[in-house]
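*Asks:* Provided below: target_8.cif, containing mmCIF, C-alpha atoms.
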```cif
data_upload
loop_
_atom_site.group_PDB
_atom_site.id
_atom_site.type_symbol
_atom_site.label_atom_id
_atom_site.label_comp_id
_atom_site.auth_asym_id
_atom_site.auth_seq_id
_atom_site.Cartn_x
_atom_site.Cartn_y
_atom_site.Cartn_z
ATOM 1 C CA MET A 230 -59.049 -26.436 24.286
ATOM 2 C CA ALA A 231 -57.095 -28.702 26.624
ATOM 3 C CA LEU A 232 -57.387 -31.676 24.258
ATOM 4 C CA VAL A 233 -56.416 -29.692 21.165
ATOM 5 C CA GLY A 234 -53.487 -28.030 22.936
ATOM 6 C CA GLY A 235 -52.327 -31.325 24.391
ATOM 7 C CA TRP A 236 -52.511 -32.994 20.979
ATOM 8 C CA LEU A 237 -50.494 -30.185 19.388
ATOM 9 C CA GLY A 238 -47.955 -30.414 22.208
ATOM 10 C CA LEU A 239 -47.577 -34.157 21.629
ATOM 11 C CA LEU A 240 -47.054 -33.647 17.918
ATOM 12 C CA ALA A 241 -44.441 -30.978 18.563
ATOM 13 C CA GLY A 242 -42.422 -32.571 21.344
ATOM 14 C CA GLY A 243 -43.686 -36.042 22.229
ATOM 15 C CA ARG A 244 -40.609 -37.776 20.884
ATOM 16 C CA THR A 245 -37.274 -39.230 22.020
ATOM 17 C CA ASP A 246 -34.490 -41.421 20.638
ATOM 18 C CA ALA A 247 -33.439 -44.871 21.770
ATOM 19 C CA PRO A 248 -30.355 -46.929 20.852
ATOM 20 C CA PRO A 249 -31.402 -50.586 21.342
ATOM 21 C CA GLY A 250 -28.322 -52.564 20.325
ATOM 22 C CA PRO A 251 -27.144 -51.612 16.827
ATOM 23 C CA LEU A 252 -30.442 -49.923 15.915
ATOM 24 C CA GLU A 253 -31.198 -46.208 15.966
ATOM 25 C CA VAL A 254 -34.870 -45.885 16.895
ATOM 26 C CA GLY A 255 -37.124 -42.859 17.296
ATOM 27 C CA LEU A 256 -39.993 -43.224 19.775
ATOM 28 C CA SER A 257 -43.107 -41.068 19.784
ATOM 29 C CA LEU A 258 -46.570 -40.896 21.330
ATOM 30 C CA THR A 259 -49.632 -40.064 19.254
ATOM 31 C CA PRO A 260 -53.349 -39.976 20.056
ATOM 32 C CA SER A 261 -55.150 -43.172 19.075
ATOM 33 C CA LEU A 262 -58.524 -44.776 19.689
ATOM 34 C CA THR A 263 -57.067 -48.279 19.860
ATOM 35 C CA GLY A 264 -53.711 -47.883 21.605
ATOM 36 C CA ASP A 265 -51.235 -50.410 20.103
ATOM 37 C CA THR A 266 -47.508 -50.278 19.497
ATOM 38 C CA VAL A 267 -46.279 -49.793 15.926
ATOM 39 C CA LEU A 268 -42.760 -50.611 14.770
ATOM 40 C CA ASN A 269 -42.088 -48.767 11.510
ATOM 41 C CA ILE A 270 -39.275 -50.101 9.343
ATOM 42 C CA PRO A 271 -39.063 -47.742 6.354
ATOM 43 C CA PRO A 272 -39.191 -48.468 3.479
ATOM 44 C CA LEU A 273 -40.118 -52.078 4.252
ATOM 45 C CA GLY A 274 -43.382 -51.561 6.135
ATOM 46 C CA SER A 275 -44.502 -51.866 9.729
ATOM 47 C CA ILE A 276 -45.320 -54.327 12.476
ATOM 48 C CA THR A 277 -48.280 -53.564 14.754
ATOM 49 C CA VAL A 278 -48.820 -55.203 18.130
ATOM 50 C CA ASP A 279 -52.010 -54.880 20.189
ATOM 51 C CA SER A 280 -49.875 -54.191 23.251
ATOM 52 C CA HIS A 281 -52.344 -52.020 25.188
ATOM 53 C CA ASP A 282 -55.622 -50.133 25.013
ATOM 54 C CA GLY A 283 -56.219 -46.468 25.549
ATOM 55 C CA PRO A 284 -55.943 -43.168 23.720
ATOM 56 C CA LEU A 285 -52.161 -43.247 23.195
ATOM 57 C CA ARG A 286 -50.176 -45.166 20.574
ATOM 58 C CA LEU A 287 -46.479 -45.903 20.971
ATOM 59 C CA ASN A 288 -44.630 -45.520 17.671
ATOM 60 C CA ALA A 289 -41.112 -46.846 17.171
ATOM 61 C CA THR A 290 -39.375 -46.001 13.894
ATOM 62 C CA VAL A 291 -36.102 -47.591 12.856
ATOM 63 C CA GLU A 292 -34.107 -44.605 11.618
ATOM 64 C CA GLY A 293 -30.824 -46.359 10.962
ATOM 65 C CA VAL A 294 -28.420 -49.103 11.886
ATOM 66 C CA ASN A 295 -24.915 -48.873 13.261
ATOM 67 C CA VAL A 296 -23.432 -51.135 10.595
ATOM 68 C CA VAL A 297 -20.194 -51.736 12.503
ATOM 69 C CA ASP A 298 -22.066 -52.976 15.596
ATOM 70 C CA ALA A 299 -24.499 -55.023 13.500
ATOM 71 C CA ARG A 300 -21.751 -56.815 11.555
ATOM 72 C CA GLU A 301 -19.875 -57.467 14.777
ATOM 73 C CA ILE A 302 -22.951 -59.336 16.037
ATOM 74 C CA PHE A 303 -23.319 -61.289 12.796
ATOM 75 C CA ALA A 304 -19.635 -62.239 12.799
ATOM 76 C CA ASP A 305 -19.553 -63.299 16.445
ATOM 77 C CA PRO A 306 -22.921 -64.247 18.004
ATOM 78 C CA ARG A 307 -21.222 -64.288 21.413
ATOM 79 C CA VAL A 308 -21.504 -60.502 21.320
ATOM 80 C CA LEU A 309 -25.221 -61.051 22.070
ATOM 81 C CA GLU A 310 -24.259 -62.102 25.584
ATOM 82 C CA GLY A 311 -25.110 -59.131 27.742
ATOM 83 C CA LEU A 312 -26.874 -57.350 24.870
ATOM 84 C CA GLU A 313 -30.212 -58.703 26.083
ATOM 85 C CA GLY A 314 -30.161 -56.744 29.325
ATOM 86 C CA GLU A 315 -28.692 -53.683 27.624
ATOM 87 C CA ILE A 316 -31.463 -53.510 24.999
ATOM 88 C CA THR A 317 -34.180 -53.973 27.605
ATOM 89 C CA ALA A 318 -32.709 -51.299 29.875
ATOM 90 C CA ASP A 319 -32.269 -48.856 26.970
ATOM 91 C CA LEU A 320 -35.865 -49.274 25.815
ATOM 92 C CA ARG A 321 -37.326 -49.092 29.320
ATOM 93 C CA HIS A 322 -35.427 -45.852 29.982
ATOM 94 C CA ALA A 323 -36.420 -44.372 26.615
ATOM 95 C CA VAL A 324 -40.126 -45.175 27.094
ATOM 96 C CA THR A 325 -40.031 -43.665 30.598
ATOM 97 C CA VAL A 326 -38.425 -40.487 29.247
ATOM 98 C CA LEU A 327 -40.975 -40.405 26.420
ATOM 99 C CA VAL A 328 -43.961 -40.713 28.776
ATOM 100 C CA VAL A 329 -42.696 -37.976 31.106
ATOM 101 C CA ARG A 330 -41.863 -35.707 28.170
ATOM 102 C CA GLY A 331 -45.234 -36.422 26.554
ATOM 103 C CA MET A 332 -47.109 -35.395 29.696
ATOM 104 C CA GLY A 333 -45.001 -32.244 29.958
ATOM 105 C CA VAL A 334 -45.338 -31.070 26.363
ATOM 106 C CA GLY A 335 -49.041 -31.942 26.358
ATOM 107 C CA ALA A 336 -49.622 -29.698 29.366
ATOM 108 C CA ILE A 337 -47.436 -26.926 27.930
ATOM 109 C CA GLY A 338 -49.271 -27.070 24.596
ATOM 110 C CA ALA A 339 -52.635 -26.776 26.341
ATOM 111 C CA ILE A 340 -51.453 -23.867 28.496
ATOM 112 C CA ALA A 341 -50.018 -22.031 25.483
ATOM 113 C CA LEU A 342 -53.188 -22.448 23.444
ATOM 114 C CA GLY A 343 -55.369 -21.614 26.426
ATOM 115 C CA LEU A 344 -53.483 -18.400 27.171
ATOM 116 C CA LEU A 345 -53.809 -17.350 23.541
ATOM 117 C CA ALA A 346 -57.489 -18.166 23.118
ATOM 118 C CA LEU A 347 -59.145 -17.987 26.539
ATOM 119 C CA ARG A 348 -60.006 -15.190 28.914
ATOM 120 C CA PRO A 349 -59.423 -14.841 31.803
ATOM 121 C CA ARG A 350 -55.893 -16.253 31.716
ATOM 122 C CA SER A 351 -56.662 -18.540 34.618
ATOM 123 C CA LEU A 352 -58.628 -20.628 32.114
ATOM 124 C CA GLY A 353 -55.394 -21.161 30.163
ATOM 125 C CA LEU A 354 -53.750 -22.628 33.256
ATOM 126 C CA ALA A 355 -56.849 -24.731 33.842
ATOM 127 C CA ALA A 356 -56.529 -26.073 30.298
ATOM 128 C CA GLY A 357 -52.968 -27.138 31.103
ATOM 129 C CA GLY A 358 -54.105 -28.896 34.255
ATOM 130 C CA THR A 359 -56.887 -30.634 32.342
ATOM 131 C CA ALA A 360 -54.485 -31.788 29.628
ATOM 132 C CA LEU A 361 -52.061 -33.138 32.232
ATOM 133 C CA THR A 362 -54.891 -35.006 33.960
ATOM 134 C CA VAL A 363 -55.970 -36.544 30.651
ATOM 135 C CA MET A 364 -52.372 -37.559 29.859
ATOM 136 C CA VAL A 365 -51.871 -39.181 33.260
ATOM 137 C CA GLY A 366 -55.164 -41.020 32.851
ATOM 138 C CA SER A 367 -54.175 -42.169 29.360
ATOM 139 C CA VAL A 368 -50.830 -43.494 30.548
ATOM 140 C CA GLY A 369 -52.561 -45.224 33.449
ATOM 141 C CA ALA A 370 -55.060 -46.860 31.093
ATOM 142 C CA ALA A 371 -52.220 -48.081 28.887
ATOM 143 C CA ALA A 372 -50.317 -49.495 31.867
ATOM 144 C CA LEU A 373 -53.374 -51.312 33.208
ATOM 145 C CA THR A 374 -54.200 -52.924 29.853
ATOM 146 C CA VAL A 375 -50.716 -54.079 28.800
ATOM 147 C CA ASP A 376 -50.904 -57.476 27.094
ATOM 148 C CA ARG A 377 -47.447 -59.039 26.881
ATOM 149 C CA ALA A 378 -48.751 -62.040 24.957
ATOM 150 C CA SER A 379 -49.729 -59.726 22.093
ATOM 151 C CA ILE A 380 -46.205 -60.029 20.670
ATOM 152 C CA LEU A 381 -47.240 -63.537 19.566
ATOM 153 C CA GLU A 382 -49.786 -62.044 17.125
ATOM 154 C CA PRO A 383 -48.149 -59.153 15.249
ATOM 155 C CA ARG A 384 -49.775 -57.628 12.165
ATOM 156 C CA TYR A 385 -47.467 -56.976 9.202
ATOM 157 C CA THR A 386 -48.033 -54.304 6.554
ATOM 158 C CA GLY A 387 -45.970 -53.317 3.530
ATOM 159 C CA LEU A 388 -43.171 -55.450 2.111
ATOM 160 C CA VAL A 389 -42.625 -57.271 5.398
ATOM 161 C CA ALA A 390 -46.124 -58.731 5.080
ATOM 162 C CA SER A 391 -45.023 -60.795 2.070
ATOM 163 C CA ALA A 392 -41.788 -61.925 3.666
ATOM 164 C CA PRO A 393 -42.432 -62.735 7.351
ATOM 165 C CA ALA A 394 -39.717 -65.400 7.161
ATOM 166 C CA LEU A 395 -37.160 -62.591 7.298
ATOM 167 C CA PHE A 396 -38.261 -61.952 10.887
ATOM 168 C CA GLY A 397 -39.235 -65.473 11.854
ATOM 169 C CA GLU A 398 -42.603 -66.622 13.107
ATOM 170 C CA ALA A 399 -43.886 -64.693 16.099
ATOM 171 C CA GLU A 400 -43.817 -67.849 18.203
ATOM 172 C CA THR A 401 -40.137 -68.330 17.314
ATOM 173 C CA ILE A 402 -39.194 -64.725 18.043
ATOM 174 C CA ALA A 403 -40.904 -64.913 21.421
ATOM 175 C CA ALA A 404 -39.963 -68.519 22.188
ATOM 176 C CA ASN A 405 -40.236 -69.281 25.887
ATOM 177 C CA PHE A 406 -42.277 -66.195 26.593
ATOM 178 C CA ASP A 407 -41.204 -66.282 30.230
ATOM 179 C CA ASP A 408 -37.908 -64.977 28.901
ATOM 180 C CA TYR A 409 -39.433 -62.176 26.819
ATOM 181 C CA ARG A 410 -36.172 -60.268 26.443
ATOM 182 C CA GLU A 411 -34.626 -62.979 24.282
ATOM 183 C CA GLY A 412 -37.410 -62.420 21.768
ATOM 184 C CA LEU A 413 -36.678 -58.696 21.787
ATOM 185 C CA VAL A 414 -32.990 -59.311 21.067
ATOM 186 C CA SER A 415 -33.961 -61.655 18.235
ATOM 187 C CA MET A 416 -36.187 -58.984 16.690
ATOM 188 C CA VAL A 417 -33.465 -56.319 16.938
ATOM 189 C CA THR A 418 -30.880 -58.659 15.407
ATOM 190 C CA ARG A 419 -33.145 -59.656 12.503
ATOM 191 C CA VAL A 420 -34.078 -56.049 11.698
ATOM 192 C CA SER A 421 -30.377 -55.115 11.780
ATOM 193 C CA ARG A 422 -29.527 -57.969 9.407
ATOM 194 C CA LEU A 423 -32.343 -56.958 7.052
ATOM 195 C CA TYR A 424 -31.085 -53.372 6.898
ATOM 196 C CA ASP A 425 -27.516 -54.566 6.359
ATOM 197 C CA VAL A 426 -28.522 -56.810 3.437
ATOM 198 C CA THR A 427 -30.789 -54.280 1.716
ATOM 199 C CA SER A 428 -28.172 -51.531 1.979
ATOM 200 C CA THR A 429 -26.043 -53.440 -0.553
ATOM 201 C CA LEU A 430 -28.810 -53.919 -3.139
ATOM 202 C CA PRO A 431 -29.170 -51.802 -6.309
ATOM 203 C CA LEU A 432 -31.683 -48.975 -6.123
#
```
What would the structure in this file look like if it were written as structure tokens?
*Replies:*
Amino acid sequence: MALVGGWLGLLAGGRTDAPPGPLEVGLSLTPSLTGDTVLNIPPLGSITVDSHDGPLRLNATVEGVNVVDAREIFADPRVLEGLEGEITADLRHAVTVLVVRGMGVGAIGAIALGLLALRPRSLGLAAGGTALTVMVGSVGAAALTVDRASILEPRYTGLVASAPALFGEAETIAANFDDYREGLVSMVTRVSRLYDVTSTLPL
């Protein structure tokens, strides 16, 4: 009951928004046997990174691009100065909010389902506590198994699989891995440019 309620709670409220640079990104947590982080770029496909193990997957979906900000970057690359730290801080904050919210809604979902289906009602509260314990353990497992080097081996699906040159080779995006944030800025900039170009194409 705790697992089902926690899963339903995640589906209902395990989501938040993040504004990394010119991108509008929705972040969500979903149950998964393999972990991973998936960047969805509709309608172009997705990029999957084996970033961590554990029962939670981090999904990031590009929902739009602030065209004015994106074109400002393209017109004057100097705008990227300072954007590196801003993007990193925005994403770190958003993931933290997402994890806390995910644990909360998972526990609430388990309590709600437990109170509806279990007697005595104390079992409903126990279901919430169990769900929260499982969520904390899942987050801990993800944190302990983070593999930063996994960004060097992304898996492409959809249209992006046939055109990886649009994003650059993984080694190029994450050049000098000691400075990981530069690779992140490069990825954000390339996705923004791709959206900007495709927005002008015929249907």
*Asks:* Expand the PyMOL selection byres ((chain A and resi 232) around 9) into the explicit residue set it covers here, and present it as a PyMOL selection string.
*Replies:* chain A and resi 230-231+233-237+335+339+356+359-360+363
*Asks:* Any chance you could resolve the PyMOL selection byres ((chain A and resi 298) around 10) against this file and give the residues as a PyMOL selection string?
*Replies:* chain A and resi 250-252+294-297+299-304+308+421
*Asks:* Suppose a student applies the PyMOL selection byres ((chain A and resi 239-243) around 9) to this structure; what residues should they get, written as a PyMOL selection string?
*Replies:* chain A and resi 234-238+244-245+256-260+327-328+330-335+338
*Asks:* So that I can check the surroundings of A:Val267, please list as a PyMOL selection string every protein, DNA and RNA residue that reaches within 7 Å of it, counting all atoms listed in the file and ignoring chain neighbours fewer than 3 positions away.
*Replies:* chain A and resi 275-278+287-289
*Asks:* Can those selected residues be exported to a file as an mmCIF file, keeping the file's coordinate frame so that it contains C-alpha atoms?
*Replies:*
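Written file, selection_24.cif:
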```
data_model
loop_
_atom_site.group_PDB
_atom_site.id
_atom_site.type_symbol
_atom_site.label_atom_id
_atom_site.label_comp_id
_atom_site.auth_asym_id
_atom_site.auth_seq_id
_atom_site.Cartn_x
_atom_site.Cartn_y
_atom_site.Cartn_z
ATOM 1 C CA SER A 275 -44.502 -51.866 9.729
ATOM 2 C CA ILE A 276 -45.320 -54.327 12.476
ATOM 3 C CA THR A 277 -48.280 -53.564 14.754
ATOM 4 C CA VAL A 278 -48.820 -55.203 18.130
ATOM 5 C CA LEU A 287 -46.479 -45.903 20.971
ATOM 6 C CA ASN A 288 -44.630 -45.520 17.671
ATOM 7 C CA ALA A 289 -41.112 -46.846 17.171
#
```
*Asks:* When distances are computed from only C-alpha atoms, which of A:Pro249, A:Pro431, A:Gly387, A:Pro349 shows the smallest separation from A:Thr317?
*Replies:*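 Answer, going by the shortest atom-to-atom distance: A:Pro249.
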*Asks:* Env of A:His281: 8 Å cut, atoms = all atoms listed in the file, seq-sep filter 3 positions within chain, self excluded. Answer as a PyMOL selection string.
*Replies:* chain A and resi 264-266+371-372+374-376
*Asks:* Could you turn the residues from that selection into a file that holds C-alpha atoms, as a PDB file, in the coordinates of the input?
*Replies:*
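selection_9.pdb was written with the following content:
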```pdb
ATOM      1  CA  GLY A 264     -53.711 -47.883  21.605  1.00  0.00           C
ATOM      2  CA  ASP A 265     -51.235 -50.410  20.103  1.00  0.00           C
ATOM      3  CA  THR A 266     -47.508 -50.278  19.497  1.00  0.00           C
ATOM      4  CA  ALA A 371     -52.220 -48.081  28.887  1.00  0.00           C
ATOM      5  CA  ALA A 372     -50.317 -49.495  31.867  1.00  0.00           C
ATOM      6  CA  THR A 374     -54.200 -52.924  29.853  1.00  0.00           C
ATOM      7  CA  VAL A 375     -50.716 -54.079  28.800  1.00  0.00           C
ATOM      8  CA  ASP A 376     -50.904 -57.476  27.094  1.00  0.00           C
TER       9      ASP A 376
END
```
*Asks:* Within 10 Å of A:Pro272, counting only C-alpha atoms, which residues show up once you throw out same-chain ones fewer than 2 positions away? Write them as number ranges by chain, please.
*Replies:* A: 269-270, 274-275, 291, 387-389
*Asks:* Give me a file of those residues, with C-alpha atoms, as an mmCIF file, keeping the file's coordinate frame.
*Replies:*
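To be explicit, this is the file written out as selection11.cif:
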```cif
data_model
loop_
_atom_site.group_PDB
_atom_site.id
_atom_site.type_symbol
_atom_site.label_atom_id
_atom_site.label_comp_id
_atom_site.auth_asym_id
_atom_site.auth_seq_id
_atom_site.Cartn_x
_atom_site.Cartn_y
_atom_site.Cartn_z
ATOM 1 C CA ASN A 269 -42.088 -48.767 11.510
ATOM 2 C CA ILE A 270 -39.275 -50.101 9.343
ATOM 3 C CA GLY A 274 -43.382 -51.561 6.135
ATOM 4 C CA SER A 275 -44.502 -51.866 9.729
ATOM 5 C CA VAL A 291 -36.102 -47.591 12.856
ATOM 6 C CA GLY A 387 -45.970 -53.317 3.530
ATOM 7 C CA LEU A 388 -43.171 -55.450 2.111
ATOM 8 C CA VAL A 389 -42.625 -57.271 5.398
#
```
*Asks:* As an exercise, work out the distance from atom CA of A:Arg384 to atom CA of A:Leu262 in Å and give it to one decimal place.
*Replies:*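 If I compute the distance from atom CA of A:Arg384 to atom CA of A:Leu262, I get 17.3 Å.
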*Asks:* If you measure from atom CA of A:Ala336 to atom CA of A:Glu253, what distance in Å do you get, rounded to one decimal?
*Replies:*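 Separation of atom CA of A:Ala336 and atom CA of A:Glu253: 28.1 Å.
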*Asks:* With distances taken over only C-alpha atoms, which residue among A:Val417, A:Asp425, A:Ser367, A:Ser280 lies nearest A:Leu381?
*Replies:* A:Ser280
*Asks:* Which is closest to A:Ala318 among A:Ala346, A:Ala247, A:Leu273, A:Val368, if we use only C-alpha atoms?
*Replies:*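 With only C-alpha atoms as the atom set, the closest residue is A:Ala247.
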*Asks:* So what do you get for atom CA of A:Glu313 versus atom CA of A:Met416, distance-wise?
*Replies:*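 Straight-line distance from atom CA of A:Glu313 to atom CA of A:Met416 works out to 11.1 Å.
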*Asks:* Restricted to C-alpha atoms, what does stretch 231-309 of chain A look like when written out as a PDB file, in the first residue's frame?
*Replies:*
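Output file result34.pdb follows:
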```
ATOM      1  CA  ALA A 231       2.878   2.338   0.821  1.00  0.00           C
ATOM      2  CA  LEU A 232       4.588   1.679  -2.521  1.00  0.00           C
ATOM      3  CA  VAL A 233       1.413   2.100  -4.568  1.00  0.00           C
ATOM      4  CA  GLY A 234       0.427   5.270  -2.710  1.00  0.00           C
ATOM      5  CA  GLY A 235       3.923   6.687  -3.000  1.00  0.00           C
ATOM      6  CA  TRP A 236       4.005   5.947  -6.729  1.00  0.00           C
ATOM      7  CA  LEU A 237       0.637   7.644  -7.239  1.00  0.00           C
ATOM      8  CA  GLY A 238       1.831  10.623  -5.200  1.00  0.00           C
ATOM      9  CA  LEU A 239       4.937  10.930  -7.379  1.00  0.00           C
ATOM     10  CA  LEU A 240       2.868  10.819 -10.544  1.00  0.00           C
ATOM     11  CA  ALA A 241       0.522  13.480  -9.209  1.00  0.00           C
ATOM     12  CA  GLY A 242       2.974  15.950  -7.714  1.00  0.00           C
ATOM     13  CA  GLY A 243       6.581  14.883  -8.229  1.00  0.00           C
ATOM     14  CA  ARG A 244       7.335  17.705 -10.628  1.00  0.00           C
ATOM     15  CA  THR A 245       8.862  21.196 -10.732  1.00  0.00           C
ATOM     16  CA  ASP A 246      10.035  23.727 -13.316  1.00  0.00           C
ATOM     17  CA  ALA A 247      13.544  24.983 -13.945  1.00  0.00           C
ATOM     18  CA  PRO A 248      14.770  27.887 -16.102  1.00  0.00           C
ATOM     19  CA  PRO A 249      18.362  26.968 -17.081  1.00  0.00           C
ATOM     20  CA  GLY A 250      19.474  29.851 -19.292  1.00  0.00           C
ATOM     21  CA  PRO A 251      17.044  30.418 -22.174  1.00  0.00           C
ATOM     22  CA  LEU A 252      15.397  26.999 -21.774  1.00  0.00           C
ATOM     23  CA  GLU A 253      12.123  26.231 -20.021  1.00  0.00           C
ATOM     24  CA  VAL A 254      12.516  22.763 -18.512  1.00  0.00           C
ATOM     25  CA  GLY A 255      10.133  20.582 -16.522  1.00  0.00           C
ATOM     26  CA  LEU A 256      11.737  18.173 -14.045  1.00  0.00           C
ATOM     27  CA  SER A 257      10.043  15.087 -12.652  1.00  0.00           C
ATOM     28  CA  LEU A 258      10.816  11.931 -10.689  1.00  0.00           C
ATOM     29  CA  THR A 259       9.432   8.557 -11.727  1.00  0.00           C
ATOM     30  CA  PRO A 260       9.987   5.026 -10.426  1.00  0.00           C
ATOM     31  CA  SER A 261      12.603   3.114 -12.406  1.00  0.00           C
ATOM     32  CA  LEU A 262      14.580  -0.095 -12.049  1.00  0.00           C
ATOM     33  CA  THR A 263      17.699   1.400 -13.617  1.00  0.00           C
ATOM     34  CA  GLY A 264      17.811   4.997 -12.388  1.00  0.00           C
ATOM     35  CA  ASP A 265      19.261   7.208 -15.178  1.00  0.00           C
ATOM     36  CA  THR A 266      18.589  10.780 -16.212  1.00  0.00           C
ATOM     37  CA  VAL A 267      16.546  11.388 -19.367  1.00  0.00           C
ATOM     38  CA  LEU A 268      16.516  14.670 -21.269  1.00  0.00           C
ATOM     39  CA  ASN A 269      13.421  14.770 -23.479  1.00  0.00           C
ATOM     40  CA  ILE A 270      13.488  17.191 -26.399  1.00  0.00           C
ATOM     41  CA  PRO A 271      10.078  16.878 -28.080  1.00  0.00           C
ATOM     42  CA  PRO A 272       9.531  16.276 -30.934  1.00  0.00           C
ATOM     43  CA  LEU A 273      13.191  15.523 -31.659  1.00  0.00           C
ATOM     44  CA  GLY A 274      13.779  12.616 -29.277  1.00  0.00           C
ATOM     45  CA  SER A 275      15.660  12.118 -26.040  1.00  0.00           C
ATOM     46  CA  ILE A 276      19.108  11.793 -24.529  1.00  0.00           C
ATOM     47  CA  THR A 277      19.616   9.251 -21.734  1.00  0.00           C
ATOM     48  CA  VAL A 278      22.564   9.299 -19.351  1.00  0.00           C
ATOM     49  CA  ASP A 279      23.396   6.497 -16.906  1.00  0.00           C
ATOM     50  CA  SER A 280      23.896   9.109 -14.198  1.00  0.00           C
ATOM     51  CA  HIS A 281      22.950   6.981 -11.175  1.00  0.00           C
ATOM     52  CA  ASP A 282      21.434   3.705 -10.036  1.00  0.00           C
ATOM     53  CA  GLY A 283      18.398   3.175  -7.896  1.00  0.00           C
ATOM     54  CA  PRO A 284      14.624   3.112  -8.149  1.00  0.00           C
ATOM     55  CA  LEU A 285      14.172   6.752  -9.210  1.00  0.00           C
ATOM     56  CA  ARG A 286      14.640   8.285 -12.662  1.00  0.00           C
ATOM     57  CA  LEU A 287      15.178  12.003 -13.171  1.00  0.00           C
ATOM     58  CA  ASN A 288      13.292  13.269 -16.220  1.00  0.00           C
ATOM     59  CA  ALA A 289      13.998  16.665 -17.756  1.00  0.00           C
ATOM     60  CA  THR A 290      11.713  17.820 -20.569  1.00  0.00           C
ATOM     61  CA  VAL A 291      12.450  20.886 -22.661  1.00  0.00           C
ATOM     62  CA  GLU A 292       9.072  22.619 -22.775  1.00  0.00           C
ATOM     63  CA  GLY A 293      10.118  25.762 -24.599  1.00  0.00           C
ATOM     64  CA  VAL A 294      12.793  28.310 -25.310  1.00  0.00           C
ATOM     65  CA  ASN A 295      12.887  31.994 -24.505  1.00  0.00           C
ATOM     66  CA  VAL A 296      13.687  33.028 -28.070  1.00  0.00           C
ATOM     67  CA  VAL A 297      14.776  36.545 -27.107  1.00  0.00           C
ATOM     68  CA  ASP A 298      17.351  35.229 -24.607  1.00  0.00           C
ATOM     69  CA  ALA A 299      18.509  32.497 -26.994  1.00  0.00           C
ATOM     70  CA  ARG A 300      19.087  34.894 -29.903  1.00  0.00           C
ATOM     71  CA  GLU A 301      20.887  37.290 -27.589  1.00  0.00           C
ATOM     72  CA  ILE A 302      23.351  34.486 -26.815  1.00  0.00           C
ATOM     73  CA  PHE A 303      23.776  33.595 -30.487  1.00  0.00           C
ATOM     74  CA  ALA A 304      24.341  37.236 -31.436  1.00  0.00           C
ATOM     75  CA  ASP A 305      26.831  37.937 -28.656  1.00  0.00           C
ATOM     76  CA  PRO A 306      28.614  34.887 -27.176  1.00  0.00           C
ATOM     77  CA  ARG A 307      29.954  37.134 -24.407  1.00  0.00           C
ATOM     78  CA  VAL A 308      26.519  36.808 -22.823  1.00  0.00           C
ATOM     79  CA  LEU A 309      27.627  33.274 -21.841  1.00  0.00           C
TER      80      LEU A 309
END
```
